[in-house]
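K.L.:
My questions all concern the structure below.
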Amino acid sequence: MVANKGKKSKVAERGGEEENDHIDGELVLSVEKLQEIQDELEKVNEEASDKVLEVEQKYNEIRRPVYVRRNEIIQTIPDFWLTAFMSHPALGDLLNEEDQKMFKHLISLDVEDSKDVKSGYSITFNFSPNPYFEDIKLTKTFNFFDDGTANITGTKIRWKEGMDIPNGSAPEMKDGKRTFHDESFFAWFTETQQKNLSDGFQDEVAEIIKEDLWPNPLKYFNNEVDDEDFDGDEDDEEKGTDEEEDDEQDDDEDDEEDS
C-alpha cells in the first residue's frame, strides 16, 4: 500500500508539472500574440502621426497668405501689438515701462513652424526704425532634435548708445521656467543655448505667444479674455492652502476642547 501511494504521488507531480507547462505555454503564446497586436497598433499610430504632420504642413501653407493679409491690416491699427500684449493676462506682466515705449514701434509679429512642423519654430518681431536698437527684425528660433535636446538661438540686439536693456543679461531660470520680475522683455532674446527637454525645460513666453496670442491676437486687443482662464491653477493652489489652514484651525480648536 505504501508503494502504491508513492507511485500515485509521483504521477500526480508529473501531472501537475505537465499542467503547469501547458499553462506556461499558453501564457507565452498569449503574450506573443498580444505583442504582435501592440506592434501592429504602433505601426498604425506612426502612420497616423505622419498623416497628421502632412495635414498640418498642408494647412500651414494655406494659412500663410491669410496671416500675411492679417498682418497688413494690423499695421494700419496703432499700437495693436502693444495693446494685445498688455491685455494678455500673462504677457502683460512682462513689459516694463521702457518695453512699452519700444513696443510702440512693433509693426508685425510672425510665428512660423519648420517645414516638417515637429522639429521647431521661430518667432519674429518686426519693428519700424526706432531710437532704441539698430535691428528692425528680432527673431528667436527653437530647433528640436530626436535625442530630446533643443537648440535655442536669438537675435543679438544691437542697442543704440545709452539704450541697452536695464539688466543687460538674461533673467534667472527657476525649475526650467523664466521668473517674471521687472526685467526687460527683450532679455528673453538672450535666453539661448542647448537645452535638454527631459530636464523639464519650458519656454513659457514662447509657448504662450505661439499657442495663445498668435492664433487670435484680436481677442486680446479687444480685451475679451477672462483672467480666470489663466488664474485657475493659482486659485486651486490658494484654495488648497486655505483648506489646509482651516483644517489646522479645526484641529487646534479640538485640542483646546479636549484640554
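Order determines the names: the first chain of the C-alpha cells is A, the second B, and so forth; residues in each chain are numbered 1 upward, and ligands are numbered 1 upward as they are shown.
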Would you give me, as a VMD selection string, the residues in range 80-194 of chain A that DSSP reads as strand (DSSP E or B)?
P.N.:
chain A and resid 106 to 113 120 to 127 133 137 to 144 149 to 154 159 173 to 174 177 to 178 193 to 194
K.L.:
As a JSON list (two decimals) with C-alpha atoms, in the first residue's frame, please: every residue in range 94-223 of chain A that DSSP puts in alpha helix (DSSP H).
P.N.:
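Ended up saving to result.json:
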[["chain", "number", "residue", "atom", "x", "y", "z"],
["A", 97, "GLU", "CA", 7.63, 100.97, -18.95],
["A", 98, "GLU", "CA", 10.62, 101.13, -21.31],
["A", 99, "ASP", "CA", 9.48, 97.98, -23.11],
["A", 100, "GLN", "CA", 6.09, 99.54, -23.72],
["A", 101, "LYS", "CA", 7.75, 102.51, -25.42],
["A", 102, "MET", "CA", 9.71, 100.12, -27.64],
["A", 103, "PHE", "CA", 6.60, 98.06, -28.44],
["A", 204, "GLU", "CA", 6.62, 79.74, -21.25],
["A", 205, "VAL", "CA", 6.87, 83.04, -23.13],
["A", 206, "ALA", "CA", 7.40, 81.31, -26.46],
["A", 207, "GLU", "CA", 4.62, 78.80, -25.84],
["A", 208, "ILE", "CA", 2.12, 81.49, -24.84],
["A", 218, "LEU", "CA", -7.71, 90.26, -31.79],
["A", 219, "LYS", "CA", -9.43, 88.85, -28.69],
["A", 220, "TYR", "CA", -6.65, 90.33, -26.57],
["A", 221, "PHE", "CA", -6.66, 93.62, -28.44]]
K.L.:
Need the shell around range 141-146 of chain A: protein/DNA/RNA residues with any atom at most 7 Å away, counting only C-alpha atoms. Skip same-chain ones fewer than 5 positions apart. Format as a list in words?
P.N.:
Ser119, Gly120, Tyr121, Ser122, Ile123, Asn151, Ile152, Thr153 and Gly154 of chain A
K.L.:
Can those selected residues be exported to a file as a short mmCIF file (atom, residue, chain, number, x, y, z; two decimals), in the first residue's frame so that it contains all heavy atoms?
P.N.:
data_model
loop_
_atom_site.label_atom_id
_atom_site.label_comp_id
_atom_site.auth_asym_id
_atom_site.auth_seq_id
_atom_site.Cartn_x
_atom_site.Cartn_y
_atom_site.Cartn_z
N SER A 119 9.99 69.74 -35.84
CA SER A 119 11.39 69.98 -35.48
C SER A 119 11.67 71.40 -35.01
O SER A 119 12.81 71.73 -34.69
CB SER A 119 12.32 69.65 -36.65
OG SER A 119 12.09 70.51 -37.73
N GLY A 120 10.64 72.24 -34.91
CA GLY A 120 10.88 73.56 -34.34
C GLY A 120 10.02 74.66 -34.93
O GLY A 120 9.15 74.42 -35.76
N TYR A 121 10.31 75.88 -34.49
CA TYR A 121 9.58 77.04 -34.97
C TYR A 121 10.37 78.30 -34.65
O TYR A 121 11.35 78.27 -33.89
CB TYR A 121 8.18 77.12 -34.34
CG TYR A 121 8.17 77.25 -32.84
CD1 TYR A 121 8.15 78.50 -32.22
CD2 TYR A 121 8.15 76.11 -32.03
CE1 TYR A 121 8.12 78.62 -30.83
CE2 TYR A 121 8.14 76.22 -30.64
CZ TYR A 121 8.12 77.46 -30.05
OH TYR A 121 8.10 77.57 -28.69
N SER A 122 9.95 79.41 -35.22
CA SER A 122 10.60 80.69 -34.94
C SER A 122 9.53 81.75 -34.66
O SER A 122 8.41 81.67 -35.18
CB SER A 122 11.47 81.13 -36.12
OG SER A 122 10.68 81.35 -37.27
N ILE A 123 9.88 82.71 -33.82
CA ILE A 123 9.01 83.84 -33.51
C ILE A 123 9.77 85.11 -33.88
O ILE A 123 10.88 85.33 -33.39
CB ILE A 123 8.64 83.86 -32.01
CG1 ILE A 123 7.90 82.58 -31.62
CG2 ILE A 123 7.77 85.09 -31.70
CD1 ILE A 123 7.59 82.47 -30.14
N ASN A 151 17.92 73.30 -29.46
CA ASN A 151 18.89 74.38 -29.65
C ASN A 151 18.11 75.68 -29.84
O ASN A 151 17.26 75.78 -30.71
CB ASN A 151 19.76 74.10 -30.88
CG ASN A 151 20.88 75.10 -31.00
OD1 ASN A 151 21.59 75.37 -30.04
ND2 ASN A 151 21.05 75.67 -32.18
N ILE A 152 18.41 76.65 -28.98
CA ILE A 152 17.66 77.91 -28.98
C ILE A 152 18.60 79.05 -29.35
O ILE A 152 19.65 79.23 -28.74
CB ILE A 152 17.04 78.17 -27.61
CG1 ILE A 152 16.19 76.98 -27.18
CG2 ILE A 152 16.20 79.45 -27.63
CD1 ILE A 152 15.76 77.01 -25.74
N THR A 153 18.22 79.79 -30.36
CA THR A 153 19.03 80.93 -30.78
C THR A 153 18.16 82.18 -30.82
O THR A 153 16.94 82.10 -31.01
CB THR A 153 19.63 80.70 -32.18
OG1 THR A 153 18.57 80.48 -33.13
CG2 THR A 153 20.56 79.51 -32.18
N GLY A 154 18.78 83.33 -30.62
CA GLY A 154 18.04 84.59 -30.65
C GLY A 154 18.90 85.70 -31.23
O GLY A 154 20.13 85.63 -31.19
#
K.L.:
Report, in Å to a single decimal, how far apart CA of Glu54 in chain A and CA of Val111 in chain A are.
P.N.:
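Rounded to one decimal, the two atoms are 18.8 Å apart.
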K.L.:
In Å, how far is it from CA of Glu191 in chain A to CA of Thr155 in chain A?
P.N.:
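Distance reported for this atom pair: 10.3 Å.
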K.L.:
What is the CA of Tyr59 in chain A-CA of Thr76 in chain A distance in Å, reported with one decimal?
P.N.:
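Taking CA of Tyr59 in chain A and CA of Thr76 in chain A, their separation equals 26.5 Å.
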K.L.:
Which is closer to Asn130 in chain A than all the others in A:Leu91, A:Leu41, A:Met86, A:Ile107, using only C-alpha atoms?
P.N.:
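Distance minimum relative to Asn130 in chain A lands on A:Ile107.
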K.L.:
Contacts of Gln75 in chain A at 12 Å or less, counting only C-alpha atoms, minus same-chain residues fewer than 6 places along, as a list of chain:residue names?
P.N.:
A:Val68, A:Arg69, A:Trp81, A:Leu82, A:Lys104, A:His105, A:Leu106, A:Ile107, A:Ser108, A:Leu109, A:Asn126, A:Phe127, A:Ser128
K.L.:
Would you mind exporting C-alpha atoms of the selected residues as a CSV table (one decimal), in the first residue's frame?
P.N.:
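Okay, this is what ended up in selection_5.csv:
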chain,number,residue,atom,x,y,z
A,68,VAL,CA,0.1,87.9,-44.3
A,69,ARG,CA,-3.2,89.6,-45.0
A,81,TRP,CA,0.6,94.5,-30.6
A,82,LEU,CA,1.3,96.7,-27.6
A,104,LYS,CA,5.0,101.2,-29.9
A,105,HIS,CA,7.4,100.5,-32.8
A,106,LEU,CA,6.4,96.9,-33.2
A,107,ILE,CA,4.6,96.7,-36.6
A,108,SER,CA,4.2,92.9,-37.0
A,109,LEU,CA,4.7,89.6,-35.3
A,126,ASN,CA,9.3,93.3,-36.9
A,127,PHE,CA,9.9,96.9,-35.8
A,128,SER,CA,9.9,100.2,-37.6
K.L.:
Nearest to Glu56 in chain A: which of A:Lys43, A:His88, A:Lys118, A:Arg70 is it, counting only C-alpha atoms?
P.N.:
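Under the stated criterion, the closest residue is A:Lys118.
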K.L.:
Which residues are close to Pro217 in chain A, i.e. within 9 Å by only C-alpha atoms, leaving aside same-chain residues fewer than 6 positions away? Reply as a list of chain:residue names.
P.N.:
A:Phe80, A:Trp81, A:Ala84, A:Phe85
